[in-house]
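Okay, query_35.pdb is below, PDB, C-alpha atoms, pLDDT in the B column:
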ATOM      1  CA  MET A   1      23.286   9.284  83.925  1.00 88.00           C
ATOM      2  CA  LEU A   2      26.494  11.185  83.286  1.00 93.00           C
ATOM      3  CA  VAL A   3      28.201   9.534  80.306  1.00 94.00           C
ATOM      4  CA  ALA A   4      31.085  11.894  79.499  1.00 96.00           C
ATOM      5  CA  ALA A   5      32.574  15.224  80.517  1.00 98.00           C
ATOM      6  CA  ALA A   6      34.906  17.824  79.071  1.00 98.00           C
ATOM      7  CA  VAL A   7      36.889  20.193  81.270  1.00 98.00           C
ATOM      8  CA  CYS A   8      37.906  23.428  79.528  1.00 98.00           C
ATOM      9  CA  PRO A   9      39.261  26.859  80.509  1.00 98.00           C
ATOM     10  CA  CYS A  10      36.974  29.859  80.304  1.00 97.00           C
ATOM     11  CA  PRO A  11      38.919  33.074  79.618  1.00 97.00           C
ATOM     12  CA  PRO A  12      37.046  35.330  77.177  1.00 96.00           C
ATOM     13  CA  LEU A  13      40.334  35.422  75.243  1.00 96.00           C
ATOM     14  CA  LEU A  14      39.525  31.870  74.147  1.00 97.00           C
ATOM     15  CA  VAL A  15      37.088  33.506  71.720  1.00 97.00           C
ATOM     16  CA  PRO A  16      39.190  34.712  68.745  1.00 96.00           C
ATOM     17  CA  GLU A  17      37.070  37.822  68.214  1.00 95.00           C
ATOM     18  CA  VAL A  18      37.855  38.884  71.781  1.00 95.00           C
ATOM     19  CA  ALA A  19      41.535  37.951  71.604  1.00 91.00           C
ATOM     20  CA  ALA A  20      41.964  39.694  68.226  1.00 91.00           C
ATOM     21  CA  GLY A  21      45.668  39.793  67.364  1.00 86.00           C
ATOM     22  CA  ALA A  22      46.566  37.609  70.347  1.00 83.00           C
ATOM     23  CA  ALA A  23      44.232  34.794  69.220  1.00 80.00           C
ATOM     24  CA  PRO A  24      47.026  32.438  68.028  1.00 90.00           C
ATOM     25  CA  GLU A  25      48.435  32.304  71.558  1.00 91.00           C
ATOM     26  CA  LEU A  26      45.499  30.112  72.631  1.00 95.00           C
ATOM     27  CA  ASP A  27      45.200  28.005  69.462  1.00 96.00           C
ATOM     28  CA  ALA A  28      46.424  24.897  71.305  1.00 97.00           C
ATOM     29  CA  ALA A  29      43.876  25.410  74.087  1.00 98.00           C
ATOM     30  CA  ARG A  30      41.081  25.850  71.533  1.00 97.00           C
ATOM     31  CA  ALA A  31      42.085  22.701  69.655  1.00 98.00           C
ATOM     32  CA  ALA A  32      42.253  20.668  72.868  1.00 98.00           C
ATOM     33  CA  SER A  33      38.866  22.032  73.977  1.00 98.00           C
ATOM     34  CA  GLU A  34      37.377  21.031  70.638  1.00 98.00           C
ATOM     35  CA  GLU A  35      38.750  17.503  71.073  1.00 98.00           C
ATOM     36  CA  ALA A  36      37.452  17.168  74.637  1.00 98.00           C
ATOM     37  CA  LEU A  37      33.992  18.443  73.754  1.00 98.00           C
ATOM     38  CA  GLY A  38      33.944  16.220  70.683  1.00 98.00           C
ATOM     39  CA  ALA A  39      34.384  13.189  72.939  1.00 98.00           C
ATOM     40  CA  VAL A  40      31.339  14.257  74.945  1.00 98.00           C
ATOM     41  CA  LEU A  41      29.214  14.687  71.833  1.00 97.00           C
ATOM     42  CA  ALA A  42      30.406  11.308  70.530  1.00 97.00           C
ATOM     43  CA  ALA A  43      28.848   9.744  73.628  1.00 96.00           C
ATOM     44  CA  ALA A  44      25.444  10.863  72.272  1.00 96.00           C
ATOM     45  CA  PRO A  45      24.041  12.680  75.312  1.00 96.00           C
ATOM     46  CA  ASP A  46      20.353  13.544  75.461  1.00 95.00           C
ATOM     47  CA  VAL A  47      21.180  16.805  77.212  1.00 95.00           C
ATOM     48  CA  LEU A  48      24.389  18.771  77.542  1.00 97.00           C
ATOM     49  CA  TRP A  49      25.035  20.851  80.651  1.00 97.00           C
ATOM     50  CA  VAL A  50      27.595  23.661  80.607  1.00 97.00           C
ATOM     51  CA  ILE A  51      28.738  24.312  84.170  1.00 97.00           C
ATOM     52  CA  GLY A  52      30.692  27.373  85.253  1.00 97.00           C
ATOM     53  CA  ALA A  53      31.183  29.801  88.093  1.00 96.00           C
ATOM     54  CA  GLY A  54      29.147  32.962  88.535  1.00 95.00           C
ATOM     55  CA  PRO A  55      27.755  35.254  91.204  1.00 93.00           C
ATOM     56  CA  ARG A  56      24.599  33.231  91.748  1.00 89.00           C
ATOM     57  CA  GLN A  57      23.558  29.590  91.917  1.00 89.00           C
ATOM     58  CA  GLY A  58      20.976  28.384  89.451  1.00 91.00           C
ATOM     59  CA  VAL A  59      19.901  26.919  86.136  1.00 93.00           C
ATOM     60  CA  HIS A  60      19.927  28.755  82.800  1.00 94.00           C
ATOM     61  CA  GLN A  61      17.324  27.432  80.400  1.00 93.00           C
ATOM     62  CA  PRO A  62      17.876  26.563  76.720  1.00 93.00           C
ATOM     63  CA  GLY A  63      18.106  29.707  74.622  1.00 94.00           C
ATOM     64  CA  SER A  64      19.591  31.825  77.422  1.00 94.00           C
ATOM     65  CA  ARG A  65      21.825  34.573  76.099  1.00 94.00           C
ATOM     66  CA  GLY A  66      25.347  35.658  76.913  1.00 95.00           C
ATOM     67  CA  THR A  67      27.378  38.471  75.428  1.00 96.00           C
ATOM     68  CA  PHE A  68      30.989  39.519  74.934  1.00 97.00           C
ATOM     69  CA  ARG A  69      30.111  43.192  74.557  1.00 95.00           C
ATOM     70  CA  PRO A  70      31.662  44.048  77.953  1.00 94.00           C
ATOM     71  CA  PHE A  71      34.937  42.860  76.401  1.00 94.00           C
ATOM     72  CA  GLY A  72      34.616  45.203  73.444  1.00 94.00           C
ATOM     73  CA  VAL A  73      33.182  42.747  70.912  1.00 94.00           C
ATOM     74  CA  ASP A  74      29.676  42.867  69.430  1.00 95.00           C
ATOM     75  CA  LEU A  75      29.123  39.133  69.810  1.00 96.00           C
ATOM     76  CA  ASP A  76      26.251  37.317  71.502  1.00 95.00           C
ATOM     77  CA  VAL A  77      25.944  33.593  72.228  1.00 96.00           C
ATOM     78  CA  HIS A  78      23.091  31.347  73.340  1.00 95.00           C
ATOM     79  CA  LEU A  79      22.603  28.015  75.014  1.00 95.00           C
ATOM     80  CA  GLY A  80      21.426  26.234  71.894  1.00 91.00           C
ATOM     81  CA  ALA A  81      18.923  27.999  69.665  1.00 85.00           C
ATOM     82  CA  PRO A  82      18.026  31.555  70.746  1.00 83.00           C
ATOM     83  CA  ALA A  83      14.799  31.978  72.674  1.00 73.00           C
ATOM     84  CA  ALA A  84      11.762  32.970  70.618  1.00 67.00           C
ATOM     85  CA  GLU A  85      11.479  36.270  72.468  1.00 67.00           C
ATOM     86  CA  PRO A  86      14.605  38.463  72.722  1.00 63.00           C
ATOM     87  CA  ALA A  87      15.962  38.344  76.241  1.00 71.00           C
ATOM     88  CA  ALA A  88      18.526  40.198  78.301  1.00 79.00           C
ATOM     89  CA  ALA A  89      21.959  38.622  78.566  1.00 79.00           C
ATOM     90  CA  THR A  90      21.964  36.550  81.746  1.00 89.00           C
ATOM     91  CA  LEU A  91      24.892  34.158  81.304  1.00 96.00           C
ATOM     92  CA  PRO A  92      28.038  34.940  83.297  1.00 97.00           C
ATOM     93  CA  PRO A  93      31.283  35.088  81.267  1.00 97.00           C
ATOM     94  CA  SER A  94      32.176  31.477  82.103  1.00 98.00           C
ATOM     95  CA  LEU A  95      28.938  30.108  80.650  1.00 98.00           C
ATOM     96  CA  SER A  96      29.179  32.471  77.689  1.00 98.00           C
ATOM     97  CA  VAL A  97      32.537  30.922  76.799  1.00 98.00           C
ATOM     98  CA  GLY A  98      30.984  27.487  77.231  1.00 98.00           C
ATOM     99  CA  ALA A  99      28.091  28.420  74.952  1.00 98.00           C
ATOM    100  CA  TRP A 100      30.600  29.639  72.359  1.00 98.00           C
ATOM    101  CA  LEU A 101      32.484  26.318  72.503  1.00 98.00           C
ATOM    102  CA  ILE A 102      29.248  24.365  72.078  1.00 98.00           C
ATOM    103  CA  ALA A 103      28.126  26.439  69.097  1.00 96.00           C
ATOM    104  CA  ARG A 104      31.589  26.082  67.558  1.00 96.00           C
ATOM    105  CA  ALA A 105      31.287  22.293  67.887  1.00 96.00           C
ATOM    106  CA  GLY A 106      28.014  22.335  65.945  1.00 94.00           C
ATOM    107  CA  TRP A 107      25.898  20.789  68.709  1.00 94.00           C
ATOM    108  CA  THR A 108      22.186  21.135  67.899  1.00 92.00           C
ATOM    109  CA  GLY A 109      20.725  19.140  70.788  1.00 94.00           C
ATOM    110  CA  GLU A 110      19.417  20.336  74.130  1.00 95.00           C
ATOM    111  CA  VAL A 111      21.810  22.433  76.194  1.00 96.00           C
ATOM    112  CA  ARG A 112      21.297  23.943  79.620  1.00 95.00           C
ATOM    113  CA  GLY A 113      23.522  26.015  81.870  1.00 96.00           C
ATOM    114  CA  TYR A 114      24.304  25.654  85.548  1.00 95.00           C
ATOM    115  CA  GLU A 115      25.847  28.656  87.266  1.00 95.00           C
ATOM    116  CA  VAL A 116      27.530  27.682  90.504  1.00 93.00           C
ATOM    117  CA  SER A 117      28.736  30.159  93.111  1.00 86.00           C
ATOM    118  CA  GLY A 118      32.220  29.646  94.468  1.00 70.00           C
ATOM    119  CA  ASP A 119      31.379  30.076  98.137  1.00 65.00           C
ATOM    120  CA  GLY A 120      29.462  26.839  98.638  1.00 59.00           C
ATOM    121  CA  SER A 121      30.833  23.764 100.389  1.00 53.00           C
ATOM    122  CA  SER A 122      31.983  20.709  98.479  1.00 54.00           C
ATOM    123  CA  PHE A 123      29.029  18.831  99.990  1.00 51.00           C
ATOM    124  CA  ALA A 124      26.551  21.366  98.613  1.00 56.00           C
ATOM    125  CA  HIS A 125      28.166  21.163  95.193  1.00 62.00           C
ATOM    126  CA  ALA A 126      28.008  17.358  95.288  1.00 57.00           C
ATOM    127  CA  ASP A 127      24.280  17.514  96.032  1.00 60.00           C
ATOM    128  CA  GLY A 128      23.727  19.754  93.010  1.00 63.00           C
ATOM    129  CA  ALA A 129      25.862  17.423  90.916  1.00 69.00           C
ATOM    130  CA  TRP A 130      23.612  14.441  91.499  1.00 64.00           C
ATOM    131  CA  ARG A 131      20.555  16.371  90.396  1.00 70.00           C
ATOM    132  CA  LEU A 132      22.240  17.411  87.145  1.00 84.00           C
ATOM    133  CA  ALA A 133      23.650  13.968  86.391  1.00 73.00           C
ATOM    134  CA  GLU A 134      20.345  12.175  86.979  1.00 67.00           C
ATOM    135  CA  GLY A 135      18.529  14.276  84.368  1.00 66.00           C
ATOM    136  CA  ARG A 136      14.810  14.897  84.470  1.00 62.00           C
ATOM    137  CA  THR A 137      13.764  11.249  84.125  1.00 64.00           C
ATOM    138  CA  GLY A 138      16.710   9.398  85.595  1.00 64.00           C
ATOM    139  CA  GLN A 139      17.118   7.646  82.238  1.00 75.00           C
ATOM    140  CA  GLU A 140      18.665  10.462  80.219  1.00 88.00           C
ATOM    141  CA  ARG A 141      22.213  10.340  78.939  1.00 94.00           C
ATOM    142  CA  VAL A 142      23.871  13.481  80.300  1.00 95.00           C
ATOM    143  CA  GLY A 143      27.031  15.208  79.099  1.00 97.00           C
ATOM    144  CA  PHE A 144      28.966  17.890  80.989  1.00 97.00           C
ATOM    145  CA  LEU A 145      31.051  20.765  79.696  1.00 98.00           C
ATOM    146  CA  VAL A 146      32.795  22.049  82.822  1.00 98.00           C
ATOM    147  CA  VAL A 147      34.497  25.422  82.414  1.00 98.00           C
ATOM    148  CA  GLY A 148      36.913  26.983  84.882  1.00 98.00           C
ATOM    149  CA  ASP A 149      40.485  28.145  85.340  1.00 98.00           C
ATOM    150  CA  GLY A 150      43.239  27.287  87.772  1.00 98.00           C
ATOM    151  CA  THR A 151      45.326  29.756  89.730  1.00 98.00           C
ATOM    152  CA  ALA A 152      45.744  33.293  88.424  1.00 98.00           C
ATOM    153  CA  CYS A 153      48.972  33.890  90.341  1.00 98.00           C
ATOM    154  CA  ARG A 154      51.703  32.164  88.333  1.00 98.00           C
ATOM    155  CA  THR A 155      53.729  35.283  87.369  1.00 96.00           C
ATOM    156  CA  VAL A 156      54.166  38.868  88.447  1.00 96.00           C
ATOM    157  CA  LYS A 157      52.037  39.914  85.458  1.00 95.00           C
ATOM    158  CA  ALA A 158      49.216  37.514  86.314  1.00 94.00           C
ATOM    159  CA  PRO A 159      45.853  38.957  87.415  1.00 94.00           C
ATOM    160  CA  GLY A 160      46.614  37.968  91.016  1.00 96.00           C
ATOM    161  CA  TYR A 161      50.348  38.749  90.878  1.00 96.00           C
ATOM    162  CA  LEU A 162      52.881  36.048  91.815  1.00 97.00           C
ATOM    163  CA  ASP A 163      52.101  33.595  94.597  1.00 97.00           C
ATOM    164  CA  GLU A 164      54.695  30.893  95.233  1.00 97.00           C
ATOM    165  CA  ARG A 165      51.953  28.371  96.046  1.00 98.00           C
ATOM    166  CA  ALA A 166      50.281  28.657  92.658  1.00 98.00           C
ATOM    167  CA  GLU A 167      52.497  26.388  90.556  1.00 98.00           C
ATOM    168  CA  GLY A 168      52.228  23.511  93.019  1.00 98.00           C
ATOM    169  CA  VAL A 169      48.461  23.859  93.291  1.00 98.00           C
ATOM    170  CA  ASP A 170      48.072  23.863  89.515  1.00 98.00           C
ATOM    171  CA  ALA A 171      50.223  20.722  89.336  1.00 98.00           C
ATOM    172  CA  ARG A 172      47.876  19.003  91.792  1.00 98.00           C
ATOM    173  CA  ILE A 173      44.848  20.133  89.774  1.00 98.00           C
ATOM    174  CA  ALA A 174      46.394  18.749  86.574  1.00 98.00           C
ATOM    175  CA  GLU A 175      47.110  15.419  88.255  1.00 98.00           C
ATOM    176  CA  ALA A 176      43.560  15.218  89.570  1.00 97.00           C
ATOM    177  CA  LEU A 177      42.129  15.830  86.105  1.00 98.00           C
ATOM    178  CA  ARG A 178      44.502  13.198  84.691  1.00 97.00           C
ATOM    179  CA  THR A 179      43.376  10.545  87.214  1.00 96.00           C
ATOM    180  CA  LEU A 180      39.605  11.108  87.596  1.00 96.00           C
ATOM    181  CA  ASP A 181      40.447  12.846  90.899  1.00 95.00           C
ATOM    182  CA  HIS A 182      41.176   9.496  92.537  1.00 92.00           C
ATOM    183  CA  ASP A 183      42.761  11.166  95.581  1.00 92.00           C
ATOM    184  CA  ASN A 184      39.809  13.588  95.968  1.00 94.00           C
ATOM    185  CA  TYR A 185      41.994  16.678  95.622  1.00 96.00           C
ATOM    186  CA  LEU A 186      39.417  18.594  93.585  1.00 96.00           C
ATOM    187  CA  ALA A 187      36.563  17.384  95.763  1.00 93.00           C
ATOM    188  CA  GLN A 188      38.314  18.737  98.860  1.00 94.00           C
ATOM    189  CA  LEU A 189      39.910  21.858  97.367  1.00 95.00           C
ATOM    190  CA  ASP A 190      39.667  24.545 100.033  1.00 93.00           C
ATOM    191  CA  ALA A 191      37.460  27.544  99.266  1.00 93.00           C
ATOM    192  CA  THR A 192      39.778  29.988 101.044  1.00 95.00           C
ATOM    193  CA  LEU A 193      42.817  28.760  99.125  1.00 96.00           C
ATOM    194  CA  ALA A 194      40.868  28.944  95.857  1.00 96.00           C
ATOM    195  CA  ASP A 195      39.848  32.516  96.634  1.00 96.00           C
ATOM    196  CA  GLU A 196      43.392  33.566  97.525  1.00 97.00           C
ATOM    197  CA  LEU A 197      44.789  32.074  94.317  1.00 98.00           C
ATOM    198  CA  LYS A 198      41.798  33.242  92.230  1.00 97.00           C
ATOM    199  CA  ILE A 199      40.834  29.732  91.082  1.00 98.00           C
ATOM    200  CA  SER A 200      37.535  29.985  89.209  1.00 97.00           C
ATOM    201  CA  GLY A 201      37.259  26.252  88.541  1.00 97.00           C
ATOM    202  CA  ARG A 202      36.878  24.995  92.117  1.00 96.00           C
ATOM    203  CA  ALA A 203      33.081  24.895  92.306  1.00 95.00           C
ATOM    204  CA  PRO A 204      32.509  23.609  88.719  1.00 96.00           C
ATOM    205  CA  TRP A 205      35.129  20.878  89.193  1.00 96.00           C
ATOM    206  CA  GLN A 206      33.428  19.820  92.429  1.00 94.00           C
ATOM    207  CA  ILE A 207      30.165  19.477  90.524  1.00 94.00           C
ATOM    208  CA  LEU A 208      31.994  17.131  88.150  1.00 95.00           C
ATOM    209  CA  THR A 209      33.608  15.025  90.859  1.00 93.00           C
ATOM    210  CA  GLY A 210      30.320  14.825  92.745  1.00 90.00           C
ATOM    211  CA  ALA A 211      28.521  13.494  89.687  1.00 92.00           C
ATOM    212  CA  TRP A 212      31.221  11.119  88.420  1.00 91.00           C
ATOM    213  CA  GLU A 213      30.626   7.581  89.723  1.00 77.00           C
ATOM    214  CA  LYS A 214      32.536   5.508  87.175  1.00 72.00           C
ATOM    215  CA  ALA A 215      35.632   4.120  88.860  1.00 70.00           C
ATOM    216  CA  ASP A 216      36.628   2.435  85.611  1.00 78.00           C
ATOM    217  CA  GLY A 217      36.358   5.561  83.461  1.00 91.00           C
ATOM    218  CA  THR A 218      39.118   6.996  81.288  1.00 95.00           C
ATOM    219  CA  ALA A 219      40.691  10.393  81.843  1.00 96.00           C
ATOM    220  CA  ARG A 220      42.957  12.282  79.430  1.00 98.00           C
ATOM    221  CA  LEU A 221      44.683  15.567  80.167  1.00 98.00           C
ATOM    222  CA  LEU A 222      44.829  17.201  76.747  1.00 98.00           C
ATOM    223  CA  TYR A 223      46.287  20.599  77.642  1.00 98.00           C
ATOM    224  CA  GLU A 224      48.086  22.185  80.574  1.00 98.00           C
ATOM    225  CA  ASP A 225      49.741  25.599  80.461  1.00 97.00           C
ATOM    226  CA  ALA A 226      49.753  29.001  82.131  1.00 97.00           C
ATOM    227  CA  PRO A 227      49.626  31.719  79.479  1.00 92.00           C
ATOM    228  CA  TYR A 228      49.152  35.149  81.011  1.00 94.00           C
ATOM    229  CA  GLY A 229      50.088  33.620  84.368  1.00 97.00           C
ATOM    230  CA  VAL A 230      46.767  31.721  84.666  1.00 97.00           C
ATOM    231  CA  GLY A 231      46.505  27.938  84.882  1.00 98.00           C
ATOM    232  CA  TYR A 232      44.462  26.536  82.000  1.00 98.00           C
ATOM    233  CA  PHE A 233      43.532  22.854  81.696  1.00 98.00           C
ATOM    234  CA  VAL A 234      41.650  20.744  79.163  1.00 98.00           C
ATOM    235  CA  ALA A 235      40.623  17.222  80.104  1.00 98.00           C
ATOM    236  CA  SER A 236      38.347  14.508  78.781  1.00 98.00           C
ATOM    237  CA  TRP A 237      36.550  12.072  81.090  1.00 98.00           C
ATOM    238  CA  THR A 238      34.713   9.202  79.396  1.00 96.00           C
TER     239      THR A 238
END
As a first step, turn the structure in this file into structure tokens.
Amino acid sequence: MLVAAAVCPCPPLLVPEVAAGAAPELDAARAASEEALGAVLAAAPDVLWVIGAGPRQGVHQPGSRGTFRPFGVDLDVHLGAPAAEPAAATLPPSLSVGAWLIARAGWTGEVRGYEVSGDGSSFAHADGAWRLAEGRTGQERVGFLVVGDGTACRTVKAPGYLDERAEGVDARIAEALRTLDHDNYLAQLDATLADELKISGRAPWQILTGAWEKADGTARLLYEDAPYGVGYFVASWT
């Protein structure tokens, strides 16, 4: 049973060692992410899933390793305690950022990763969501940390350059996160549009909306901004 979820951005720059001198620019996003994840941990989940986009679809077991070495920093992270036997880094950057957030929060319980490819349909993502939310026994309390970014086309210096559609799409994403996606905007977000605007959060957010069945839940949008021309959001669903 899914009891709480945190939605956080996943740029490697969220990690201060990667951002270096630019780290203070994302202090507000880090603080909001800490608050959102703290609400999930306060719900006392039996297992915590970190869900983010990557090139393949599948589960990453506890102890799986990620690394920020491709970004020039000698820093590795793990999903919970490192595996007994050293293993190659298999986590995509999104899940590596999620693992860093979890370690920063001091979580010592079970944590698993779910890498979701962005080319699947919303129906396929919803099917995967149910399996994650049910847990292994159907009786487990499950928490989600959902990592993903909005459009990357908000300014001419953004990774995807300027697209006039981007600001409006990010506004709709923010509203959906603020209202438990009551109008199903995230659930129906078009894959082609997401690809054109370089939205990495589409598939992870659809996992969240597919798993969330609490009409009387509470949603809080804790952060919304577009530093570097990329839409970043932090939300707490409880």
Region 9-25 of chain A environment, 8 Å, only C-alpha atoms, sequence neighbours closer than 2 positions dropped, as a list in words: Val7, Asp27, Ala28, Ala29, Arg30, Phe68, Phe71, Gly72, Val73, Pro93, Ser94, Val97, Gly98, Trp100, Val147, Gly148, Asp149, Tyr232, Phe233 and Val234 of chain A
One decimal, Å: what's the distance from CA of Pro159 (chain A) over to CA of Ser33 (chain A), could you say? 22.7 Å
Return the padded bounding box of region 36-49 of chain A as lines of an AutoDock Vina configuration file: axis-aligned, built from all atoms listed in the file, 8 Å added on each side, with centre and edge lengths in Å to one decimal.
center_x = 28.9
center_y = 15.3
center_z = 75.6
size_x = 33.1
size_y = 27.1
size_z = 26.1
Nearest candidate to Tyr114 (chain A) (options A:Arg56, A:Gly168, A:Arg141, A:Thr151; using all atoms listed in the file): A:Arg56
One residue among A:Asp163, A:Ala36, A:Ala44, A:His60 is nearest to Ala219 (chain A) when using only C-alpha atoms, and that residue is A:Ala36
Mind checking which residues fall within 12 Å of Pro45 (chain A), counting all atoms listed in the file, ignoring those fewer than 2 positions away in the same chain, and posting them as a tab-separated table (two decimals) with C-alpha atoms, keeping the file's coordinate frame?
chain	number	residue	atom	x	y	z
A	1	MET	CA	23.29	9.28	83.92
A	2	LEU	CA	26.49	11.18	83.29
A	3	VAL	CA	28.20	9.53	80.31
A	4	ALA	CA	31.08	11.89	79.50
A	5	ALA	CA	32.57	15.22	80.52
A	37	LEU	CA	33.99	18.44	73.75
A	38	GLY	CA	33.94	16.22	70.68
A	39	ALA	CA	34.38	13.19	72.94
A	40	VAL	CA	31.34	14.26	74.94
A	41	LEU	CA	29.21	14.69	71.83
A	42	ALA	CA	30.41	11.31	70.53
A	43	ALA	CA	28.85	9.74	73.63
A	47	VAL	CA	21.18	16.80	77.21
A	48	LEU	CA	24.39	18.77	77.54
A	49	TRP	CA	25.04	20.85	80.65
A	107	TRP	CA	25.90	20.79	68.71
A	108	THR	CA	22.19	21.14	67.90
A	109	GLY	CA	20.72	19.14	70.79
A	110	GLU	CA	19.42	20.34	74.13
A	111	VAL	CA	21.81	22.43	76.19
A	133	ALA	CA	23.65	13.97	86.39
A	135	GLY	CA	18.53	14.28	84.37
A	139	GLN	CA	17.12	7.65	82.24
A	140	GLU	CA	18.66	10.46	80.22
A	141	ARG	CA	22.21	10.34	78.94
A	142	VAL	CA	23.87	13.48	80.30
A	143	GLY	CA	27.03	15.21	79.10
A	144	PHE	CA	28.97	17.89	80.99
A	145	LEU	CA	31.05	20.76	79.70
A	238	THR	CA	34.71	9.20	79.40
Carefully work through the PyMOL selection byres ((chain A and resi 187-192) around 7) for this structure and note down the residues it includes, as number ranges by chain. A: 119, 122, 184-186, 193-196, 202, 206, 209
What separation in Å, quoted to one decimal, exists between CA of Ile199 (chain A) and CA of Gly150 (chain A)? 4.8 Å
In Å, with one decimal, what is the gap from CA of Ala31 (chain A) to CA of Gly63 (chain A)? 25.5 Å
Residue among A:Val156, A:Ala166, A:Ala215, A:Val146 lying closest to Thr179 (chain A), counting all atoms listed in the file: A:Ala215
